[in-house]
2 protein chains.
Amino acid sequence: MNYCQPMAQSSENPRQNLKAAEHDRYAAAGVDIAAGNAAVARYRQILLDTRRPDQLDALGGFAGLFRLPGDGNRALAASTDGVGTKVLIAAELGRYDGVGRDLVNHCVNDILVCNAAPLFFLDYLAVGKLDPAVAAEIVGGCAQACRAHECALLGGETAEMPGIYARDHFDLAGTIVGMVAIDRIPDPESVEPGDAILGLPAIGLHTNGYSLARELISSDELAAPFEAATYADALLAEHPSYYRAVRAIEAVASVKAMAHITGGGLLENVGRTLPPRCKAVFEQRRWSVPPIVAELVRRGALGEEERYRVFNMGIGYTLVVPLNDAEAALAAVPGARVVGWIEARLPEEPQVVIHPLRAQ
Amino acid sequence: MNYCQPMAQSSENPRQNLKAAEHDRYAAAGVDIAAGNAAVARYRQILLDTRRPDQLDALGGFAGLFRLPGDGNRALAASTDGVGTKVLIAAELGRYDGVGRDLVNHCVNDILVCNAAPLFFLDYLAVGKLDPAVAAEIVGGCAQACRAHECALLGGETAEMPGIYARDHFDLAGTIVGMVAIDRIPDPESVEPGDAILGLPAIGLHTNGYSLARELISSDELAAPFEAATYADALLAEHPSYYRAVRAIEAVASVKAMAHITGGGLLENVGRTLPPRCKAVFEQRRWSVPPIVAELVRRGALGEEERYRVFNMGIGYTLVVPLNDAEAALAAVPGARVVGWIEARLPEEPQVVIHPLRAQ
């Protein structure tokens, strides 16, 4: 999981702390969300001890914000991320260029939550056995997504590490740095009951939930047909960038808060940029779940809560706008939908509610 | 290997292109330097296609440089690096905090070559099985080294990836972003024959050559005594930061070029910040080789050239200063030595010569 300083107030929200027992399937697949939360709790103190005067509060923890020295008006936004075990499917199929685009787009979306525009990106590629053609394909994918955002691929590190990675395995992570005018960073305090929540559609798993997906769909099945293509195609569908869609909405609507729906899903990502006095209420019938995600939910018999934490369930990015601006926003971005609204929240209530999700 | 845009002119230098046959031992340990060079050659074209107007030439490729938008005088310097298979020794011994310091110090030194001061750092930690206490120890090590440089630990990513990493294995990488006044970036063109090369001492392998070291020193030997401590202690000796030493030298000397001696050693790192008309001539007797490095050279029966590419051989960082400034520089930093000098170079000559290294 991504961590930034300071942590959001999420630890006070009981819905944001995972109960391991609720996550049987994901935990069985080897990903322990409770351990992740415990690690982040430990990082909190470490990060507080390292805090520098130029740091700004990290809006929801999607990216770190650092005031540009000698410039009172602008901040740098930075985020490091990886593509997770999606790399194992890419390696198995020998389809390498997509993960680079996945990674850059993921990072672009993370700093977009603060409204930052990308300046440059650096990748980290670690391999068991270095094949220059494969490495160039992976880094080339990063470069392609960088170009699409007028972002420099400023450099990177390629490490050959026998003994850590299997011969044909690799890992890919990256860091993006962007810039934002401080007065354009969304202000959670502007969010009010009655605001609309817009959702931008997800096209698959993006970069989350792959350890579970690989358990539920075996290697043998990857080439089998699924929804007019194959399971492999559905699983490798690329993490989209929401940069242009968000810019188009900002041109016609006042955007009060945003969230990138990654690990933890709607339940854990949306609340992080809301004020404690507000909750997000989603209405499940307002959007559709990508077929591959629905298939995984079915195969894994995932509980209603777990599915909304492990997968994005069809929404890749959310924006909170005044209800009056919603129509113009929807017209600006085909595919965007009103997926919920903001309501007043009592202290004991969860910060994210999904109807008709069974009450816990 | 670290790559940045644009590549140094090193491809024109025959000594900088590895002949695989010369690197028997390292290649046998699973690290193929020739494949690394081939990958970097492929990256070159990818990076050129991604180049943005705000990018500056990357001085020797240690860090990427990006002109601060709207500010003609300053640039951001950024570098991504990892600690390599040193993590396997750390994991085996359960000594986790040192690798975080290794990593941050490595990154600090990389941007120091451009004279940049650190602003912030982000880490990437990937594990087979997430143990929150271990993760906190690793990230805590990063934080400690960040604090020592008044650098913010701005955030990071911790990924649990069963299927890629063995249960008790991990990988650690990170990205540093710093800032430098553009007129303070060292200018290779100022380097002249007759200049002195100062060396700052290495205290061990730092973060390079561990795949070979692990072949030459078995797990069973790690606890055995070596030089008043153990092999484990010698192998885990931490990558030092040269930040304060360099600042102290800059206060009394005109620094024309610098190099961080990492993978590729003196032979591949020093030439990258020199103009093609100059060569660096080192005199081996002027410094001592750390005992653990000497032991590895002996055990591996490494050829004279290979040892200078796989290991730093006792010099962690070099600075080129006018001969007249050398005395003041040495007085400013105990441990610094004059280790060589700059000579005029003919086109067919290597850019780095180490006496009395046997002529190739």
# chains A, B, ... in the order shown; residues from 1 in each chain; ligands from 1

$ calpha_fit_and_write --fixed "chain A" --moving "chain B" --output "CSV table (one decimal) with C-alpha atoms, in the first residue's frame"
chain,number,residue,atom,x,y,z
B,1,MET,CA,0.0,0.0,0.0
B,2,ASN,CA,0.9,3.5,-0.7
B,3,TYR,CA,1.8,5.6,2.3
B,4,CYS,CA,2.4,9.3,2.6
B,5,GLN,CA,2.9,11.7,5.4
B,6,PRO,CA,0.9,12.6,7.3
B,7,MET,CA,-1.5,9.7,7.4
B,8,ALA,CA,-5.1,10.5,6.8
B,9,GLN,CA,-7.4,10.4,9.8
B,10,SER,CA,-8.5,7.0,8.6
B,11,SER,CA,-7.4,5.2,11.8
B,12,GLU,CA,-10.2,6.8,13.6
B,13,ASN,CA,-12.7,5.3,11.2
B,14,PRO,CA,-13.5,1.8,12.2
B,15,ARG,CA,-14.5,0.9,8.6
B,16,GLN,CA,-11.1,1.7,7.4
B,17,ASN,CA,-9.3,-0.7,9.6
B,18,LEU,CA,-9.6,-4.2,8.2
B,19,LYS,CA,-10.7,-7.1,10.2
B,20,ALA,CA,-8.6,-9.9,8.9
B,21,ALA,CA,-11.4,-12.4,9.2
B,22,GLU,CA,-13.5,-10.5,6.7
B,23,HIS,CA,-10.8,-11.0,4.1
B,24,ASP,CA,-10.5,-14.7,4.0
B,25,ARG,CA,-9.9,-15.0,0.3
B,26,TYR,CA,-7.4,-12.2,-0.2
B,27,ALA,CA,-5.5,-13.3,2.9
B,28,ALA,CA,-5.6,-16.9,1.7
B,29,ALA,CA,-4.0,-15.7,-1.5
B,30,GLY,CA,-1.1,-14.3,0.5
B,31,VAL,CA,-2.0,-10.7,0.9
B,32,ASP,CA,-2.6,-9.7,4.4
B,33,ILE,CA,-4.4,-6.3,4.5
B,34,ALA,CA,-4.3,-6.3,8.3
B,35,ALA,CA,-0.5,-6.6,8.2
B,36,GLY,CA,-0.5,-3.8,5.7
B,37,ASN,CA,-2.5,-1.5,8.0
B,38,ALA,CA,-0.2,-2.5,10.9
B,39,ALA,CA,2.9,-1.5,8.9
B,40,VAL,CA,1.4,1.8,7.9
B,41,ALA,CA,0.5,2.5,11.6
B,42,ARG,CA,4.2,1.9,12.4
B,43,TYR,CA,5.3,4.1,9.6
B,44,ARG,CA,3.1,7.0,10.9
B,45,GLN,CA,5.5,7.6,13.8
B,46,ILE,CA,8.6,7.2,11.7
B,47,LEU,CA,7.2,9.7,9.2
B,48,LEU,CA,6.3,12.3,11.9
B,49,ASP,CA,9.9,12.1,13.1
B,50,THR,CA,11.1,12.9,9.6
B,51,ARG,CA,8.7,15.7,8.8
B,52,ARG,CA,10.3,18.7,7.3
B,53,PRO,CA,9.0,22.3,7.5
B,54,ASP,CA,8.4,22.4,3.7
B,55,GLN,CA,6.1,19.4,3.7
B,56,LEU,CA,2.4,20.0,3.2
B,57,ASP,CA,-0.4,17.7,4.5
B,58,ALA,CA,-0.6,14.9,2.1
B,59,LEU,CA,-4.2,15.1,0.7
B,60,GLY,CA,-5.6,11.7,1.5
B,61,GLY,CA,-2.2,10.1,1.3
B,62,PHE,CA,-2.2,9.5,-2.5
B,63,ALA,CA,0.9,11.6,-3.0
B,64,GLY,CA,3.3,13.5,-0.8
B,65,LEU,CA,3.3,17.3,-1.1
B,66,PHE,CA,6.5,19.4,-0.7
B,67,ARG,CA,6.4,23.2,-0.9
B,68,LEU,CA,8.9,24.4,-3.5
B,69,PRO,CA,11.7,26.1,-1.6
B,70,GLY,CA,11.8,29.8,-2.3
B,71,ASP,CA,8.3,29.7,-3.9
B,72,GLY,CA,5.3,30.4,-1.8
B,73,ASN,CA,2.8,29.4,-4.4
B,74,ARG,CA,3.7,26.0,-5.7
B,75,ALA,CA,4.3,22.5,-4.4
B,76,LEU,CA,5.9,19.4,-5.8
B,77,ALA,CA,3.7,16.3,-5.6
B,78,ALA,CA,5.4,12.8,-5.6
B,79,SER,CA,4.3,9.3,-5.5
B,80,THR,CA,5.9,5.9,-5.7
B,81,ASP,CA,4.0,2.8,-6.8
B,82,GLY,CA,4.3,-0.6,-8.3
B,83,VAL,CA,2.1,-2.8,-10.5
B,84,GLY,CA,2.0,-5.7,-8.0
B,85,THR,CA,1.7,-9.3,-9.1
B,86,LYS,CA,0.2,-8.3,-12.4
B,87,VAL,CA,3.8,-8.6,-13.5
B,88,LEU,CA,3.5,-12.4,-13.0
B,89,ILE,CA,0.8,-12.6,-15.6
B,90,ALA,CA,2.7,-10.3,-18.0
B,91,ALA,CA,5.8,-12.5,-17.5
B,92,GLU,CA,3.9,-15.7,-18.1
B,93,LEU,CA,2.4,-14.4,-21.3
B,94,GLY,CA,5.5,-12.6,-22.5
B,95,ARG,CA,3.5,-9.4,-22.9
B,96,TYR,CA,5.7,-6.8,-21.3
B,97,ASP,CA,4.9,-3.3,-22.6
B,98,GLY,CA,1.5,-2.9,-20.9
B,99,VAL,CA,2.9,-3.0,-17.4
B,100,GLY,CA,4.9,0.1,-18.1
B,101,ARG,CA,1.8,2.0,-19.1
B,102,ASP,CA,-0.1,0.6,-16.1
B,103,LEU,CA,2.6,1.9,-13.8
B,104,VAL,CA,2.9,5.4,-15.2
B,105,ASN,CA,-0.9,5.9,-15.5
B,106,HIS,CA,-1.3,4.7,-11.9
B,107,CYS,CA,1.3,7.2,-10.7
B,108,VAL,CA,-0.3,10.0,-12.8
B,109,ASN,CA,-3.6,9.4,-11.2
B,110,ASP,CA,-2.1,9.4,-7.7
B,111,ILE,CA,-0.8,12.9,-8.0
B,112,LEU,CA,-3.8,14.0,-10.0
B,113,VAL,CA,-5.8,13.7,-6.7
B,114,CYS,CA,-3.8,16.7,-5.6
B,115,ASN,CA,-4.4,18.3,-9.0
B,116,ALA,CA,-0.7,18.1,-9.8
B,117,ALA,CA,0.5,17.9,-13.4
B,118,PRO,CA,3.4,15.4,-14.1
B,119,LEU,CA,6.9,16.8,-14.6
B,120,PHE,CA,9.0,13.6,-14.6
B,121,PHE,CA,9.0,9.9,-13.9
B,122,LEU,CA,11.7,7.4,-12.9
B,123,ASP,CA,11.3,3.6,-13.1
B,124,TYR,CA,12.8,0.8,-11.0
B,125,LEU,CA,13.0,-2.6,-12.8
B,126,ALA,CA,14.4,-5.6,-11.1
B,127,VAL,CA,14.9,-8.9,-12.9
B,128,GLY,CA,16.2,-12.4,-12.2
B,129,LYS,CA,18.0,-12.6,-15.5
B,130,LEU,CA,18.4,-9.5,-17.6
B,131,ASP,CA,17.1,-9.8,-21.2
B,132,PRO,CA,17.8,-6.4,-22.8
B,133,ALA,CA,14.9,-6.8,-25.3
B,134,VAL,CA,12.4,-7.5,-22.5
B,135,ALA,CA,13.8,-4.7,-20.4
B,136,ALA,CA,13.5,-2.3,-23.3
B,137,GLU,CA,9.9,-3.4,-23.9
B,138,ILE,CA,9.0,-2.7,-20.2
B,139,VAL,CA,10.8,0.7,-20.1
B,140,GLY,CA,9.4,1.5,-23.5
B,141,GLY,CA,5.9,1.1,-22.1
B,142,CYS,CA,6.7,3.5,-19.4
B,143,ALA,CA,8.1,6.0,-21.9
B,144,GLN,CA,5.0,5.7,-24.1
B,145,ALA,CA,2.7,6.6,-21.2
B,146,CYS,CA,5.1,9.4,-20.1
B,147,ARG,CA,4.9,10.9,-23.6
B,148,ALA,CA,1.1,10.8,-23.5
B,149,HIS,CA,1.3,13.1,-20.4
B,150,GLU,CA,4.2,15.3,-21.7
B,151,CYS,CA,6.1,13.9,-18.7
B,152,ALA,CA,9.9,13.2,-18.9
B,153,LEU,CA,11.2,9.7,-18.3
B,154,LEU,CA,14.1,11.2,-16.4
B,155,GLY,CA,16.0,8.0,-15.6
B,156,GLY,CA,15.7,4.8,-13.6
B,157,GLU,CA,17.4,1.8,-12.3
B,158,THR,CA,17.6,-1.7,-13.8
B,159,ALA,CA,18.9,-4.3,-11.4
B,160,GLU,CA,19.7,-7.9,-12.1
B,161,MET,CA,19.3,-9.8,-8.9
B,162,PRO,CA,19.7,-13.5,-9.2
B,163,GLY,CA,18.7,-15.1,-5.9
B,164,ILE,CA,15.8,-12.7,-5.3
B,165,TYR,CA,13.9,-13.0,-8.6
B,166,ALA,CA,13.2,-16.2,-10.5
B,167,ARG,CA,15.0,-16.3,-13.8
B,168,ASP,CA,11.9,-15.0,-15.8
B,169,HIS,CA,10.3,-12.9,-13.1
B,170,PHE,CA,10.6,-9.2,-12.6
B,171,ASP,CA,9.3,-6.4,-10.5
B,172,LEU,CA,8.5,-2.9,-11.7
B,173,ALA,CA,7.9,0.2,-9.6
B,174,GLY,CA,8.2,3.9,-10.3
B,175,THR,CA,8.1,7.4,-8.9
B,176,ILE,CA,6.4,10.4,-10.4
B,177,VAL,CA,7.1,14.0,-9.5
B,178,GLY,CA,4.6,16.7,-10.5
B,179,MET,CA,3.8,20.2,-9.7
B,180,VAL,CA,0.7,22.1,-8.5
B,181,ALA,CA,-0.2,25.6,-7.6
B,182,ILE,CA,-0.9,25.4,-3.8
B,183,ASP,CA,-4.3,27.2,-4.2
B,184,ARG,CA,-5.4,24.6,-6.7
B,185,ILE,CA,-5.0,21.7,-4.3
B,186,PRO,CA,-8.6,20.5,-3.6
B,187,ASP,CA,-9.8,21.5,-0.2
B,188,PRO,CA,-11.7,18.7,1.6
B,189,GLU,CA,-13.4,21.4,3.8
B,190,SER,CA,-15.3,22.6,0.7
B,191,VAL,CA,-17.1,19.3,0.5
B,192,GLU,CA,-20.8,19.6,1.6
B,193,PRO,CA,-23.8,17.3,2.0
B,194,GLY,CA,-25.7,17.3,-1.3
B,195,ASP,CA,-22.6,17.3,-3.5
B,196,ALA,CA,-22.5,14.7,-6.2
B,197,ILE,CA,-19.9,12.0,-6.6
B,198,LEU,CA,-18.9,11.4,-10.2
B,199,GLY,CA,-17.3,8.1,-11.1
B,200,LEU,CA,-14.9,7.4,-14.0
B,201,PRO,CA,-15.2,3.9,-15.3
B,202,ALA,CA,-12.6,1.2,-14.6
B,203,ILE,CA,-11.8,-1.2,-17.4
B,204,GLY,CA,-10.7,-4.1,-15.3
B,205,LEU,CA,-8.6,-4.8,-12.2
B,206,HIS,CA,-6.2,-2.0,-13.1
B,207,THR,CA,-3.3,-2.9,-10.7
B,208,ASN,CA,-5.0,-4.4,-7.7
B,209,GLY,CA,-6.2,-7.8,-6.6
B,210,TYR,CA,-3.9,-9.8,-8.8
B,211,SER,CA,-2.7,-12.2,-6.1
B,212,LEU,CA,-6.3,-13.3,-5.6
B,213,ALA,CA,-7.0,-13.2,-9.4
B,214,ARG,CA,-4.1,-15.6,-10.0
B,215,GLU,CA,-5.6,-18.0,-7.5
B,216,LEU,CA,-9.0,-17.9,-9.1
B,217,ILE,CA,-7.9,-18.1,-12.7
B,218,SER,CA,-5.2,-20.6,-13.3
B,219,SER,CA,-2.4,-20.3,-15.8
B,220,ASP,CA,-4.0,-22.9,-18.0
B,221,GLU,CA,-7.0,-20.8,-18.4
B,222,LEU,CA,-5.3,-17.6,-19.5
B,223,ALA,CA,-5.6,-18.3,-23.2
B,224,ALA,CA,-9.3,-19.4,-22.9
B,225,PRO,CA,-11.9,-17.2,-24.4
B,226,PHE,CA,-13.6,-14.7,-22.2
B,227,GLU,CA,-15.9,-11.9,-23.3
B,228,ALA,CA,-14.9,-11.8,-27.0
B,229,ALA,CA,-11.2,-12.0,-26.1
B,230,THR,CA,-9.3,-14.1,-23.5
B,231,TYR,CA,-8.9,-14.2,-19.8
B,232,ALA,CA,-5.3,-12.9,-20.4
B,233,ASP,CA,-6.6,-9.9,-22.3
B,234,ALA,CA,-9.1,-9.1,-19.6
B,235,LEU,CA,-6.6,-9.5,-16.8
B,236,LEU,CA,-3.9,-7.4,-18.6
B,237,ALA,CA,-6.4,-4.6,-19.6
B,238,GLU,CA,-4.4,-1.5,-18.8
B,239,HIS,CA,-4.8,0.9,-15.9
B,240,PRO,CA,-6.1,4.0,-17.6
B,241,SER,CA,-4.9,7.5,-16.9
B,242,TYR,CA,-7.8,9.8,-15.8
B,243,TYR,CA,-5.7,12.9,-16.5
B,244,ARG,CA,-7.6,14.2,-19.5
B,245,ALA,CA,-11.0,13.3,-18.1
B,246,VAL,CA,-10.3,15.2,-14.9
B,247,ARG,CA,-9.0,18.2,-16.7
B,248,ALA,CA,-12.1,18.3,-18.9
B,249,ILE,CA,-14.4,18.1,-15.9
B,250,GLU,CA,-12.4,20.8,-14.1
B,251,ALA,CA,-13.0,23.1,-17.1
B,252,VAL,CA,-16.7,23.0,-16.5
B,253,ALA,CA,-17.2,22.1,-12.8
B,254,SER,CA,-15.8,23.0,-9.4
B,255,VAL,CA,-14.0,19.9,-8.2
B,256,LYS,CA,-13.9,19.7,-4.4
B,257,ALA,CA,-12.3,16.3,-3.8
B,258,MET,CA,-11.0,13.4,-5.8
B,259,ALA,CA,-9.9,9.8,-5.1
B,260,HIS,CA,-8.0,7.2,-7.1
B,261,ILE,CA,-9.5,3.9,-6.5
B,262,THR,CA,-6.7,1.4,-6.0
B,263,GLY,CA,-5.9,-1.1,-3.3
B,264,GLY,CA,-8.7,-0.9,-0.7
B,265,GLY,CA,-11.3,0.0,-3.3
B,266,LEU,CA,-14.1,2.5,-2.9
B,267,LEU,CA,-14.3,1.6,0.8
B,268,GLU,CA,-10.8,2.7,1.7
B,269,ASN,CA,-9.9,5.3,-0.9
B,270,VAL,CA,-12.8,7.7,-1.1
B,271,GLY,CA,-13.0,8.6,2.6
B,272,ARG,CA,-9.4,9.8,2.7
B,273,THR,CA,-10.1,13.1,1.0
B,274,LEU,CA,-13.4,13.8,2.7
B,275,PRO,CA,-13.8,15.8,5.9
B,276,PRO,CA,-14.9,13.7,9.0
B,277,ARG,CA,-18.3,15.4,9.0
B,278,CYS,CA,-19.2,13.9,5.6
B,279,LYS,CA,-19.8,10.5,4.2
B,280,ALA,CA,-19.8,9.2,0.7
B,281,VAL,CA,-22.9,7.2,-0.2
B,282,PHE,CA,-22.7,5.1,-3.4
B,283,GLU,CA,-25.6,3.5,-5.2
B,284,GLN,CA,-24.3,0.3,-6.7
B,285,ARG,CA,-27.0,0.2,-9.5
B,286,ARG,CA,-25.6,3.4,-11.0
B,287,TRP,CA,-22.6,1.8,-12.6
B,288,SER,CA,-21.6,-1.6,-14.0
B,289,VAL,CA,-19.0,-4.0,-12.8
B,290,PRO,CA,-16.4,-5.1,-15.5
B,291,PRO,CA,-17.1,-8.7,-16.5
B,292,ILE,CA,-13.7,-9.9,-15.4
B,293,VAL,CA,-14.2,-8.4,-11.9
B,294,ALA,CA,-17.7,-9.9,-11.7
B,295,GLU,CA,-16.3,-13.3,-12.8
B,296,LEU,CA,-13.6,-13.1,-10.0
B,297,VAL,CA,-16.2,-12.1,-7.4
B,298,ARG,CA,-18.3,-15.1,-8.5
B,299,ARG,CA,-15.4,-17.6,-8.5
B,300,GLY,CA,-14.1,-16.4,-5.2
B,301,ALA,CA,-17.6,-16.1,-3.6
B,302,LEU,CA,-16.3,-12.9,-2.2
B,303,GLY,CA,-18.4,-11.3,0.5
B,304,GLU,CA,-20.0,-7.9,-0.3
B,305,GLU,CA,-17.5,-6.0,1.7
B,306,GLU,CA,-14.4,-7.9,0.6
B,307,ARG,CA,-15.2,-7.4,-3.1
B,308,TYR,CA,-15.3,-3.7,-2.5
B,309,ARG,CA,-11.9,-3.7,-0.8
B,310,VAL,CA,-10.0,-6.0,-3.1
B,311,PHE,CA,-11.3,-4.7,-6.4
B,312,ASN,CA,-12.3,-1.3,-7.7
B,313,MET,CA,-15.6,-2.9,-8.8
B,314,GLY,CA,-15.9,-0.7,-11.9
B,315,ILE,CA,-15.0,2.7,-10.7
B,316,GLY,CA,-11.4,3.9,-11.2
B,317,TYR,CA,-11.6,7.5,-10.0
B,318,THR,CA,-14.1,9.6,-8.2
B,319,LEU,CA,-14.7,13.4,-8.1
B,320,VAL,CA,-16.9,15.4,-5.7
B,321,VAL,CA,-18.7,18.3,-7.4
B,322,PRO,CA,-21.6,20.6,-6.5
B,323,LEU,CA,-24.8,18.9,-7.7
B,324,ASN,CA,-25.4,21.9,-10.0
B,325,ASP,CA,-22.1,21.2,-11.8
B,326,ALA,CA,-22.8,17.5,-12.4
B,327,GLU,CA,-24.6,17.8,-15.7
B,328,ALA,CA,-21.9,19.8,-17.3
B,329,ALA,CA,-19.3,17.4,-16.0
B,330,LEU,CA,-21.1,14.4,-17.4
B,331,ALA,CA,-21.4,16.1,-20.8
B,332,ALA,CA,-17.7,16.9,-20.8
B,333,VAL,CA,-16.6,13.2,-20.3
B,334,PRO,CA,-18.5,10.4,-22.0
B,335,GLY,CA,-18.5,7.5,-19.6
B,336,ALA,CA,-18.6,9.6,-16.4
B,337,ARG,CA,-21.6,8.9,-14.2
B,338,VAL,CA,-23.1,10.2,-11.0
B,339,VAL,CA,-22.4,7.2,-8.8
B,340,GLY,CA,-23.3,8.7,-5.4
B,341,TRP,CA,-23.6,11.7,-3.2
B,342,ILE,CA,-22.3,13.3,-0.1
B,343,GLU,CA,-24.3,13.1,3.2
B,344,ALA,CA,-23.7,14.4,6.7
B,345,ARG,CA,-21.9,11.8,8.8
B,346,LEU,CA,-22.3,11.1,12.5
B,347,PRO,CA,-19.1,10.3,14.4
B,348,GLU,CA,-19.9,6.6,14.7
B,349,GLU,CA,-20.9,6.2,11.1
B,350,PRO,CA,-18.6,4.8,8.4
B,351,GLN,CA,-17.2,7.3,5.9
B,352,VAL,CA,-18.2,5.3,2.9
B,353,VAL,CA,-21.5,3.5,2.4
B,354,ILE,CA,-22.4,1.4,-0.7
B,355,HIS,CA,-26.1,0.7,-1.2
B,356,PRO,CA,-27.3,-2.0,-1.2
B,357,LEU,CA,-24.3,-3.4,0.6
B,358,ARG,CA,-25.5,-5.4,3.6
B,359,ALA,CA,-25.0,-3.5,6.9
B,360,GLN,CA,-21.9,-4.9,8.8

$ select_by_dssp --residues "range 108-350 of chain B" --states "strand (DSSP E)" --output "VMD selection string"
chain B and resid 117 to 127 152 to 160 170 to 181 196 to 201 225 to 226 229 to 230 257 to 260 278 to 283 315 to 321 337 to 344

$ select_by_dssp --residues "range 190-298 of chain B" --states "helix (DSSP H, G or I)" --output "ChimeraX atom specification"
/B:190,210-216,219-221,231-236,243-250,265-269,271-273,284-286,291-298
